[in-house]
>>> print(open('query.cif').read())   # mmCIF, C-alpha atoms
data_input
loop_
_atom_site.group_PDB
_atom_site.id
_atom_site.type_symbol
_atom_site.label_atom_id
_atom_site.label_comp_id
_atom_site.auth_asym_id
_atom_site.auth_seq_id
_atom_site.Cartn_x
_atom_site.Cartn_y
_atom_site.Cartn_z
ATOM 1 C CA MET L 1 173.494 -91.683 -22.399
ATOM 2 C CA GLU L 2 171.475 -94.800 -23.189
ATOM 3 C CA SER L 3 172.062 -96.370 -26.587
ATOM 4 C CA SER L 4 170.786 -99.446 -28.416
ATOM 5 C CA ASN L 5 174.122 -99.892 -30.186
ATOM 6 C CA SER L 6 176.121 -103.036 -29.437
ATOM 7 C CA TYR L 7 179.346 -101.012 -29.210
ATOM 8 C CA ASP L 8 180.169 -97.425 -28.441
ATOM 9 C CA VAL L 9 183.276 -97.316 -30.627
ATOM 10 C CA VAL L 10 184.901 -99.486 -33.287
ATOM 11 C CA THR L 11 188.580 -98.750 -33.948
ATOM 12 C CA LEU L 12 190.880 -99.874 -36.763
ATOM 13 C CA GLY L 13 194.669 -99.725 -36.722
ATOM 14 C CA GLU L 14 198.034 -101.377 -36.226
ATOM 15 C CA THR L 15 199.392 -102.309 -32.819
ATOM 16 C CA MET L 16 203.083 -103.045 -32.485
ATOM 17 C CA ALA L 17 205.498 -104.569 -30.035
ATOM 18 C CA ARG L 18 207.636 -101.858 -28.469
ATOM 19 C CA PHE L 19 211.079 -102.570 -27.031
ATOM 20 C CA THR L 20 212.688 -100.109 -24.588
ATOM 21 C CA PRO L 21 215.777 -100.269 -22.367
ATOM 22 C CA PRO L 22 214.950 -99.812 -18.674
ATOM 23 C CA GLY L 23 215.037 -96.317 -17.217
ATOM 24 C CA TYR L 24 217.127 -93.954 -19.304
ATOM 25 C CA GLU L 25 219.621 -96.490 -20.597
ATOM 26 C CA ARG L 26 220.540 -96.635 -24.273
ATOM 27 C CA PHE L 27 220.405 -99.746 -26.423
ATOM 28 C CA GLY L 28 224.198 -99.816 -26.647
ATOM 29 C CA GLN L 29 224.591 -100.169 -22.881
ATOM 30 C CA SER L 30 221.511 -102.129 -21.792
ATOM 31 C CA ARG L 31 221.364 -105.905 -21.424
ATOM 32 C CA THR L 32 217.656 -106.065 -20.591
ATOM 33 C CA ILE L 33 214.616 -104.806 -22.505
ATOM 34 C CA GLU L 34 211.090 -103.781 -21.502
ATOM 35 C CA MET L 35 208.253 -104.929 -23.770
ATOM 36 C CA HIS L 36 205.195 -102.753 -24.305
ATOM 37 C CA VAL L 37 202.082 -102.955 -26.493
ATOM 38 C CA ALA L 38 201.653 -99.784 -28.551
ATOM 39 C CA GLY L 39 199.257 -98.585 -31.233
ATOM 40 C CA SER L 40 197.295 -95.352 -31.574
ATOM 41 C CA GLU L 41 193.840 -96.840 -32.086
ATOM 42 C CA SER L 42 194.301 -99.628 -29.528
ATOM 43 C CA ASN L 43 195.654 -97.097 -27.009
ATOM 44 C CA THR L 44 192.448 -95.104 -27.460
ATOM 45 C CA ALA L 45 190.316 -98.261 -27.359
ATOM 46 C CA ILE L 46 191.903 -99.327 -24.069
ATOM 47 C CA GLY L 47 191.394 -95.863 -22.566
ATOM 48 C CA LEU L 48 187.717 -95.979 -23.538
ATOM 49 C CA ALA L 49 187.242 -99.514 -22.218
ATOM 50 C CA ARG L 50 188.825 -98.593 -18.896
ATOM 51 C CA LEU L 51 186.357 -95.693 -18.700
ATOM 52 C CA GLY L 52 183.500 -98.164 -19.037
ATOM 53 C CA HIS L 53 182.711 -98.116 -22.751
ATOM 54 C CA ARG L 54 182.064 -100.994 -25.133
ATOM 55 C CA VAL L 55 184.863 -100.964 -27.675
ATOM 56 C CA TYR L 56 185.940 -103.122 -30.616
ATOM 57 C CA TRP L 57 189.486 -103.146 -31.994
ATOM 58 C CA LEU L 58 189.979 -104.288 -35.596
ATOM 59 C CA SER L 59 193.395 -105.215 -36.968
ATOM 60 C CA ARG L 60 195.463 -107.943 -38.577
ATOM 61 C CA LEU L 61 198.092 -109.799 -36.532
ATOM 62 C CA SER L 62 200.651 -112.530 -37.034
ATOM 63 C CA ASP L 63 199.594 -115.806 -35.465
ATOM 64 C CA ASN L 64 202.632 -116.274 -33.269
ATOM 65 C CA ALA L 65 203.644 -115.651 -29.674
ATOM 66 C CA ILE L 66 204.153 -111.894 -30.183
ATOM 67 C CA GLY L 67 200.854 -111.425 -31.992
ATOM 68 C CA ARG L 68 198.995 -113.403 -29.344
ATOM 69 C CA TRP L 69 200.673 -111.420 -26.560
ATOM 70 C CA ILE L 70 199.514 -108.154 -28.176
ATOM 71 C CA SER L 71 195.931 -109.354 -28.574
ATOM 72 C CA GLU L 72 195.762 -110.738 -25.032
ATOM 73 C CA GLU L 73 197.115 -107.499 -23.558
ATOM 74 C CA ILE L 74 194.493 -105.433 -25.385
ATOM 75 C CA ALA L 75 191.714 -107.843 -24.448
ATOM 76 C CA SER L 76 192.781 -107.801 -20.782
ATOM 77 C CA HIS L 77 191.569 -104.196 -20.543
ATOM 78 C CA GLY L 78 188.065 -105.091 -21.730
ATOM 79 C CA VAL L 79 188.416 -104.415 -25.466
ATOM 80 C CA ASP L 80 186.678 -106.863 -27.831
ATOM 81 C CA ILE L 81 189.286 -108.349 -30.209
ATOM 82 C CA SER L 82 187.246 -111.254 -31.562
ATOM 83 C CA LYS L 83 187.300 -109.999 -35.176
ATOM 84 C CA VAL L 84 191.099 -109.617 -35.438
ATOM 85 C CA VAL L 85 192.366 -111.167 -38.686
ATOM 86 C CA TRP L 86 195.068 -113.759 -38.008
ATOM 87 C CA THR L 87 197.759 -114.664 -40.525
ATOM 88 C CA GLY L 88 200.635 -117.125 -40.539
ATOM 89 C CA ASP L 89 202.379 -115.404 -43.430
ATOM 90 C CA ASP L 90 203.474 -111.990 -42.087
ATOM 91 C CA ARG L 91 205.090 -110.433 -39.050
ATOM 92 C CA VAL L 92 204.195 -108.093 -36.221
ATOM 93 C CA GLY L 93 205.370 -104.510 -36.623
ATOM 94 C CA THR L 94 207.882 -103.398 -33.999
ATOM 95 C CA PHE L 95 209.525 -100.235 -32.791
ATOM 96 C CA TYR L 96 212.344 -99.377 -30.462
ATOM 97 C CA MET L 97 212.313 -96.440 -28.070
ATOM 98 C CA GLU L 98 215.068 -94.967 -25.905
ATOM 99 C CA ARG L 99 213.915 -92.605 -23.173
ATOM 100 C CA GLY L 100 215.877 -89.381 -23.067
ATOM 101 C CA ALA L 101 216.331 -86.560 -20.576
ATOM 102 C CA PRO L 102 217.582 -83.037 -21.429
ATOM 103 C CA PRO L 103 219.819 -82.357 -23.194
ATOM 104 C CA ARG L 104 219.366 -85.833 -24.779
ATOM 105 C CA SER L 105 215.995 -86.357 -26.442
ATOM 106 C CA SER L 106 214.067 -89.621 -26.621
ATOM 107 C CA GLN L 107 214.607 -91.644 -29.789
ATOM 108 C CA VAL L 108 212.193 -93.878 -31.710
ATOM 109 C CA PHE L 109 213.147 -96.381 -34.435
ATOM 110 C CA TYR L 110 210.425 -98.160 -36.454
ATOM 111 C CA ASP L 111 210.541 -101.596 -38.090
ATOM 112 C CA ARG L 112 207.028 -102.035 -39.433
ATOM 113 C CA ALA L 113 207.340 -102.414 -43.218
ATOM 114 C CA GLU L 114 205.304 -105.301 -44.668
ATOM 115 C CA SER L 115 203.738 -106.030 -41.292
ATOM 116 C CA ALA L 116 200.550 -108.061 -40.926
ATOM 117 C CA MET L 117 198.415 -104.921 -40.602
ATOM 118 C CA ALA L 118 200.163 -103.308 -43.581
ATOM 119 C CA ARG L 119 198.795 -106.187 -45.669
ATOM 120 C CA MET L 120 195.201 -106.046 -44.434
ATOM 121 C CA ARG L 121 192.711 -105.986 -47.332
ATOM 122 C CA PRO L 122 189.280 -104.312 -47.490
ATOM 123 C CA GLU L 123 187.548 -107.664 -47.940
ATOM 124 C CA GLU L 124 188.889 -108.735 -44.529
ATOM 125 C CA LEU L 125 186.748 -106.137 -42.737
ATOM 126 C CA PRO L 126 183.916 -107.823 -40.775
ATOM 127 C CA SER L 127 180.741 -106.559 -42.437
ATOM 128 C CA GLU L 128 178.641 -107.220 -39.330
ATOM 129 C CA LEU L 129 180.389 -104.353 -37.496
ATOM 130 C CA PHE L 130 179.328 -101.887 -40.175
ATOM 131 C CA ARG L 131 175.591 -102.256 -39.955
ATOM 132 C CA GLY L 132 173.040 -99.937 -38.432
ATOM 133 C CA GLN L 133 172.907 -99.953 -34.604
ATOM 134 C CA THR L 134 176.167 -101.921 -34.317
ATOM 135 C CA ALA L 135 178.313 -98.997 -33.182
ATOM 136 C CA ARG L 136 177.947 -95.295 -32.515
ATOM 137 C CA VAL L 137 181.434 -94.181 -33.581
ATOM 138 C CA PHE L 138 184.125 -95.483 -35.936
ATOM 139 C CA HIS L 139 187.638 -94.253 -35.076
ATOM 140 C CA THR L 140 190.902 -94.514 -37.005
ATOM 141 C CA SER L 141 193.987 -92.392 -37.661
ATOM 142 C CA GLY L 142 196.349 -91.105 -40.305
ATOM 143 C CA ILE L 143 198.865 -93.715 -39.193
ATOM 144 C CA THR L 144 196.609 -96.460 -40.561
ATOM 145 C CA LEU L 145 196.319 -94.591 -43.851
ATOM 146 C CA GLY L 146 200.081 -94.150 -44.001
ATOM 147 C CA ILE L 147 201.533 -97.587 -43.284
ATOM 148 C CA SER L 148 200.790 -99.045 -46.750
ATOM 149 C CA SER L 149 198.521 -98.752 -49.772
ATOM 150 C CA GLN L 150 196.583 -101.868 -48.687
ATOM 151 C CA ALA L 151 195.996 -100.540 -45.175
ATOM 152 C CA ARG L 152 194.950 -97.214 -46.711
ATOM 153 C CA GLN L 153 192.390 -98.898 -48.951
ATOM 154 C CA THR L 154 191.125 -100.901 -45.982
ATOM 155 C CA ALA L 155 190.730 -97.804 -43.806
ATOM 156 C CA LEU L 156 188.986 -95.856 -46.572
ATOM 157 C CA ARG L 157 186.597 -98.750 -47.119
ATOM 158 C CA ALA L 158 185.925 -98.937 -43.378
ATOM 159 C CA VAL L 159 185.076 -95.217 -43.331
ATOM 160 C CA GLU L 160 182.752 -95.734 -46.272
ATOM 161 C CA LEU L 161 181.016 -98.674 -44.587
ATOM 162 C CA ALA L 162 180.748 -96.861 -41.253
ATOM 163 C CA ARG L 163 179.288 -93.785 -42.903
ATOM 164 C CA GLY L 164 176.790 -95.954 -44.779
ATOM 165 C CA ALA L 165 175.766 -97.569 -41.488
ATOM 166 C CA GLY L 166 175.107 -94.188 -39.904
ATOM 167 C CA GLN L 167 178.110 -94.341 -37.575
ATOM 168 C CA LEU L 168 179.886 -91.121 -36.647
ATOM 169 C CA ILE L 169 183.433 -90.828 -38.001
ATOM 170 C CA SER L 170 186.237 -89.904 -35.586
ATOM 171 C CA PHE L 171 189.657 -89.302 -37.153
ATOM 172 C CA ASP L 172 193.018 -88.524 -35.553
ATOM 173 C CA LEU L 173 195.420 -87.024 -38.116
ATOM 174 C CA ASN L 174 198.408 -88.305 -36.126
ATOM 175 C CA PHE L 175 201.115 -87.440 -38.689
ATOM 176 C CA ARG L 176 204.317 -89.516 -38.553
ATOM 177 C CA SER L 177 207.148 -88.142 -40.678
ATOM 178 C CA ARG L 178 208.876 -91.550 -40.716
ATOM 179 C CA LEU L 179 205.872 -92.984 -42.577
ATOM 180 C CA TRP L 180 205.343 -90.351 -45.276
ATOM 181 C CA THR L 181 205.693 -86.708 -46.210
ATOM 182 C CA ALA L 182 203.395 -83.981 -44.956
ATOM 183 C CA ALA L 183 202.139 -83.415 -48.507
ATOM 184 C CA ALA L 184 201.280 -87.094 -48.976
ATOM 185 C CA ALA L 185 199.547 -87.199 -45.592
ATOM 186 C CA GLN L 186 197.484 -84.116 -46.391
ATOM 187 C CA ALA L 187 196.376 -85.428 -49.783
ATOM 188 C CA THR L 188 195.478 -88.883 -48.471
ATOM 189 C CA CYS L 189 193.771 -87.825 -45.236
ATOM 190 C CA GLU L 190 191.748 -85.023 -46.851
ATOM 191 C CA PRO L 191 188.917 -87.312 -48.102
ATOM 192 C CA VAL L 192 188.488 -88.756 -44.605
ATOM 193 C CA MET L 193 188.552 -85.374 -42.877
ATOM 194 C CA ALA L 194 185.971 -84.131 -45.376
ATOM 195 C CA GLN L 195 183.600 -86.847 -44.096
ATOM 196 C CA ALA L 196 184.570 -86.861 -40.424
ATOM 197 C CA ASP L 197 182.264 -85.720 -37.643
ATOM 198 C CA LEU L 198 185.169 -85.338 -35.217
ATOM 199 C CA ILE L 199 188.800 -84.533 -36.093
ATOM 200 C CA PHE L 200 191.714 -84.628 -33.651
ATOM 201 C CA LEU L 201 195.075 -83.120 -34.539
ATOM 202 C CA PRO L 202 198.048 -81.650 -32.686
ATOM 203 C CA VAL L 203 198.752 -78.018 -33.436
ATOM 204 C CA ARG L 204 202.087 -79.011 -35.019
ATOM 205 C CA ASP L 205 200.145 -81.060 -37.615
ATOM 206 C CA ALA L 206 197.844 -78.117 -38.277
ATOM 207 C CA HIS L 207 200.968 -76.199 -39.276
ATOM 208 C CA SER L 208 203.076 -78.853 -41.015
ATOM 209 C CA VAL L 209 200.384 -80.975 -42.696
ATOM 210 C CA CYS L 210 197.440 -78.624 -43.108
ATOM 211 C CA GLY L 211 199.557 -75.552 -43.871
ATOM 212 C CA ILE L 212 197.868 -73.355 -41.253
ATOM 213 C CA SER L 213 199.986 -70.264 -40.707
ATOM 214 C CA ALA L 214 198.128 -68.789 -37.741
ATOM 215 C CA ALA L 215 199.596 -69.114 -34.256
ATOM 216 C CA ALA L 216 196.733 -68.186 -31.927
ATOM 217 C CA PRO L 217 194.475 -71.172 -31.128
ATOM 218 C CA THR L 218 191.349 -69.249 -32.097
ATOM 219 C CA ALA L 219 192.786 -68.450 -35.533
ATOM 220 C CA VAL L 220 194.079 -72.022 -36.040
ATOM 221 C CA CYS L 221 190.658 -73.467 -35.251
ATOM 222 C CA ARG L 222 188.835 -71.009 -37.479
ATOM 223 C CA GLU L 223 191.093 -71.720 -40.444
ATOM 224 C CA LEU L 224 190.541 -75.437 -39.972
ATOM 225 C CA HIS L 225 186.790 -74.851 -39.650
ATOM 226 C CA LEU L 226 186.749 -73.183 -43.064
ATOM 227 C CA ARG L 227 188.167 -76.389 -44.571
ATOM 228 C CA TRP L 228 186.016 -78.915 -42.717
ATOM 229 C CA PRO L 229 182.910 -77.032 -41.561
ATOM 230 C CA GLN L 230 180.910 -80.224 -40.963
ATOM 231 C CA ALA L 231 183.206 -81.432 -38.170
ATOM 232 C CA THR L 232 184.001 -80.618 -34.597
ATOM 233 C CA ILE L 233 187.764 -80.047 -34.755
ATOM 234 C CA VAL L 234 189.924 -80.577 -31.674
ATOM 235 C CA VAL L 235 193.461 -79.173 -31.617
ATOM 236 C CA THR L 236 195.787 -80.460 -28.902
ATOM 237 C CA ARG L 237 198.522 -78.079 -27.718
ATOM 238 C CA GLY L 238 200.741 -80.146 -25.418
ATOM 239 C CA ASN L 239 201.402 -78.419 -22.115
ATOM 240 C CA LEU L 240 199.172 -75.527 -23.224
ATOM 241 C CA GLY L 241 196.061 -77.709 -23.248
ATOM 242 C CA ALA L 242 193.591 -78.010 -26.112
ATOM 243 C CA ALA L 243 191.101 -76.028 -28.162
ATOM 244 C CA ALA L 244 188.104 -76.927 -30.298
ATOM 245 C CA ILE L 245 185.622 -75.466 -32.735
ATOM 246 C CA ASP L 246 182.238 -76.992 -33.517
ATOM 247 C CA ALA L 247 180.279 -77.094 -36.764
ATOM 248 C CA ALA L 248 178.530 -73.848 -35.807
ATOM 249 C CA GLY L 249 181.901 -72.094 -35.477
ATOM 250 C CA THR L 250 181.842 -71.812 -31.675
ATOM 251 C CA PHE L 251 185.321 -71.831 -30.111
ATOM 252 C CA PHE L 252 186.299 -73.631 -26.898
ATOM 253 C CA GLU L 253 189.563 -73.754 -24.968
ATOM 254 C CA GLN L 254 190.935 -75.789 -22.066
ATOM 255 C CA SER L 255 194.238 -75.404 -20.241
ATOM 256 C CA ALA L 256 196.399 -78.419 -19.460
ATOM 257 C CA PHE L 257 196.485 -80.074 -16.061
ATOM 258 C CA THR L 258 199.836 -80.011 -14.291
ATOM 259 C CA ALA L 259 201.595 -83.377 -14.432
ATOM 260 C CA VAL L 260 205.066 -84.674 -13.633
ATOM 261 C CA GLU L 261 206.093 -86.184 -16.961
ATOM 262 C CA VAL L 262 207.234 -89.805 -16.882
ATOM 263 C CA GLU L 263 206.471 -90.569 -20.532
ATOM 264 C CA ARG L 264 204.571 -88.655 -23.202
ATOM 265 C CA LEU L 265 204.047 -91.501 -25.688
ATOM 266 C CA GLY L 266 200.342 -92.289 -25.875
ATOM 267 C CA GLY L 267 199.300 -88.939 -24.426
ATOM 268 C CA GLY L 268 197.401 -87.917 -27.539
ATOM 269 C CA ASP L 269 195.598 -91.258 -27.625
ATOM 270 C CA ALA L 270 194.656 -90.889 -23.955
ATOM 271 C CA PHE L 271 193.331 -87.414 -24.778
ATOM 272 C CA SER L 272 191.125 -88.755 -27.566
ATOM 273 C CA ALA L 273 189.832 -91.499 -25.241
ATOM 274 C CA GLY L 274 188.919 -88.921 -22.607
ATOM 275 C CA TYR L 275 187.244 -86.641 -25.137
ATOM 276 C CA LEU L 276 185.297 -89.481 -26.775
ATOM 277 C CA SER L 277 184.242 -90.813 -23.369
ATOM 278 C CA ALA L 278 182.763 -87.457 -22.415
ATOM 279 C CA PHE L 279 181.060 -87.179 -25.809
ATOM 280 C CA LEU L 280 179.586 -90.676 -25.528
ATOM 281 C CA SER L 281 178.366 -89.791 -22.031
ATOM 282 C CA GLY L 282 176.436 -86.798 -23.367
ATOM 283 C CA LYS L 283 178.808 -84.088 -22.129
ATOM 284 C CA ASN L 284 179.308 -80.809 -23.991
ATOM 285 C CA ILE L 285 182.494 -79.852 -25.863
ATOM 286 C CA ALA L 286 183.927 -77.802 -22.995
ATOM 287 C CA GLU L 287 183.591 -80.766 -20.649
ATOM 288 C CA ALA L 288 184.961 -83.174 -23.280
ATOM 289 C CA LEU L 289 188.084 -81.021 -23.612
ATOM 290 C CA ARG L 290 188.485 -81.114 -19.840
ATOM 291 C CA TRP L 291 188.201 -84.914 -19.790
ATOM 292 C CA GLY L 292 190.700 -85.187 -22.635
ATOM 293 C CA CYS L 293 193.265 -82.975 -20.920
ATOM 294 C CA ALA L 294 192.790 -84.867 -17.649
ATOM 295 C CA MET L 295 193.380 -88.223 -19.344
ATOM 296 C CA ALA L 296 196.505 -86.906 -21.098
ATOM 297 C CA ALA L 297 197.884 -85.621 -17.785
ATOM 298 C CA ILE L 298 197.350 -89.001 -16.136
ATOM 299 C CA LYS L 299 199.043 -90.764 -19.076
ATOM 300 C CA TYR L 300 202.124 -88.543 -18.775
ATOM 301 C CA THR L 301 202.724 -90.029 -15.314
ATOM 302 C CA ILE L 302 202.696 -93.656 -16.580
ATOM 303 C CA PRO L 303 205.533 -95.432 -18.455
ATOM 304 C CA GLY L 304 204.654 -97.278 -21.632
ATOM 305 C CA ASP L 305 202.018 -96.302 -24.193
ATOM 306 C CA LEU L 306 198.846 -97.225 -22.272
#
>>> encode(input="query.cif", output="C-alpha cells")
Amino acid sequence: MESSNSYDVVTLGETMARFTPPGYERFGQSRTIEMHVAGSESNTAIGLARLGHRVYWLSRLSDNAIGRWISEEIASHGVDISKVVWTGDDRVGTFYMERGAPPRSSQVFYDRAESAMARMRPEELPSELFRGQTARVFHTSGITLGISSQARQTALRAVELARGAGQLISFDLNFRSRLWTAAAAQATCEPVMAQADLIFLPVRDAHSVCGISAAAPTAVCRELHLRWPQATIVVTRGNLGAAAIDAAGTFFEQSAFTAVEVERLGGGDAFSAGYLSAFLSGKNIAEALRWGCAMAAIKYTIPGDL
C-alpha cells in the first residue's frame, strides 16, 4: 500500500541487555554468558524492518559501551534510532534468563529499576515524529507504562501527540507481574486502550488483567469488544493460535503453525510485527492473523529475543 508517510511505524520502549548461560546451564554452574538485546517494542520494530517497513525506535539509553551495543544491534536490522536520547547519568536495564526444560521451567530475573528509559521525560520526545504524515502507526506497550511514573507520563504524552497527528495507535498490553499488579496495570493501561485502534493481548492477560471470565475465544473477544468497541482487538493464544474482533464486532480465528520450540521469548513481539506488517500492506484481518502466527512460529525456532 503506497503511503506518503516518512515512516510506517514509530515505537517507544525500553530495550535491555539480556544475559543467559549457554544451552540449558544454570548461572551457578556456567562460566560463560550469552549476551542478547531484548525489548518488546524494539523486537517488534526489528521484525517490521526485516519485513521491509520503515520503522523508528524511540528510547533513552546510557551513553556507554552497553548502551551503544544495544543501539547498534537494533540499527543493524534497518531500524532508525537517530532520535534515541543519550544520557551519561543512568544505566542500561538488564535481565538474566536461564533456559529450562521440563520439569524445570525457564527463569527470568530483572534488574531494571532507575534505568535510563525509566527516567525518560515527556519533553524528551522528538516533536517532529508526531506531526501529520510523519508516521502511520505509533506502537508501545504496557511494559513502558509500568517501568516507572516518568516512563508512563512519557508514553501517555506520546499517545496524545500521535493521536493529535492522526497516527493510528497500536498497543500491546504485555503484562509483567514483576513490574506491577494486575489491578495497577488495568487502571493505567485503560486510558490508552480506550484510544487505541489496535490492541494486542495474550489470553492470560485478558483473564488476569482485564477480568474476562469467558474461556472460549469468541466469548473472550466479544467481552473485550464491549469495553473497547473502537479497536480491533487481537488475542494471542500460544500454541492454539490467535483470534481477533474488529470494530464492527466480526470475529476471526487462526490456528498456530507447528514449530519446534527453541525459545519462546519474543514470540508475542514477532506476532505483532507479522500482524502489523500485513495490516500496513493492506491485508485483511484474517490474513494479518496468519502472518502474525507465522512470525511467532519462526521466532520459536530462534534463540534470543529477536
>>> resolve_selection(input="query.cif", expression="the PyMOL selection byres ((chain L and resi 292) around 7)", output="NGL selection string")
:L and (271-275 or 288-291 or 293-296)
>>> write_last_selection(input="query.cif", atoms="C-alpha atoms", output="PDB file, in the coordinates of the input")
ATOM      1  CA  PHE L 271     193.331 -87.414 -24.778  1.00  0.00           C
ATOM      2  CA  SER L 272     191.125 -88.755 -27.566  1.00  0.00           C
ATOM      3  CA  ALA L 273     189.832 -91.499 -25.241  1.00  0.00           C
ATOM      4  CA  GLY L 274     188.919 -88.921 -22.607  1.00  0.00           C
ATOM      5  CA  TYR L 275     187.244 -86.641 -25.137  1.00  0.00           C
ATOM      6  CA  ALA L 288     184.961 -83.174 -23.280  1.00  0.00           C
ATOM      7  CA  LEU L 289     188.084 -81.021 -23.612  1.00  0.00           C
ATOM      8  CA  ARG L 290     188.485 -81.114 -19.840  1.00  0.00           C
ATOM      9  CA  TRP L 291     188.201 -84.914 -19.790  1.00  0.00           C
ATOM     10  CA  CYS L 293     193.265 -82.975 -20.920  1.00  0.00           C
ATOM     11  CA  ALA L 294     192.790 -84.867 -17.649  1.00  0.00           C
ATOM     12  CA  MET L 295     193.380 -88.223 -19.344  1.00  0.00           C
ATOM     13  CA  ALA L 296     196.505 -86.906 -21.098  1.00  0.00           C
TER      14      ALA L 296
END
>>> residues_around(input="query.cif", residues="range 9-12 of chain L", least_positions_apart="3", cutoff="9 Å", atoms="all atoms listed in the file", output="count of residues only")
24
>>> atom_distance(input="query.cif", atom1="CA of Ala231 in chain L", atom2="CA of Asp246 in chain L")
6.5 Å
>>> residues_around(input="query.cif", residues="Val235 in chain L", least_positions_apart="5", cutoff="9 Å", atoms="all atoms listed in the file", output="list of chain:residue names")
L:Ile199, L:Phe200, L:Leu201, L:Pro202, L:Val203, L:Ala206, L:Pro217, L:Val220, L:Cys221, L:Gly241, L:Ala242, L:Ala243, L:Ala244, L:Ile245
>>> closest_residue(input="query.cif", among="L:Arg31, L:Arg119, L:His225, L:Lys83", to="Ala194 in chain L", atoms="only C-alpha atoms")
L:His225
>>> residues_around(input="query.cif", residues="Gly266 in chain L", least_positions_apart="4", cutoff="7 Å", atoms="all atoms listed in the file", output="number ranges by chain")
L: 43, 270, 305-306
>>> write_last_selection(input="query.cif", atoms="C-alpha atoms", output="CSV table (one decimal), in the frame of the given file")
chain,number,residue,atom,x,y,z
L,43,ASN,CA,195.7,-97.1,-27.0
L,270,ALA,CA,194.7,-90.9,-24.0
L,305,ASP,CA,202.0,-96.3,-24.2
L,306,LEU,CA,198.8,-97.2,-22.3
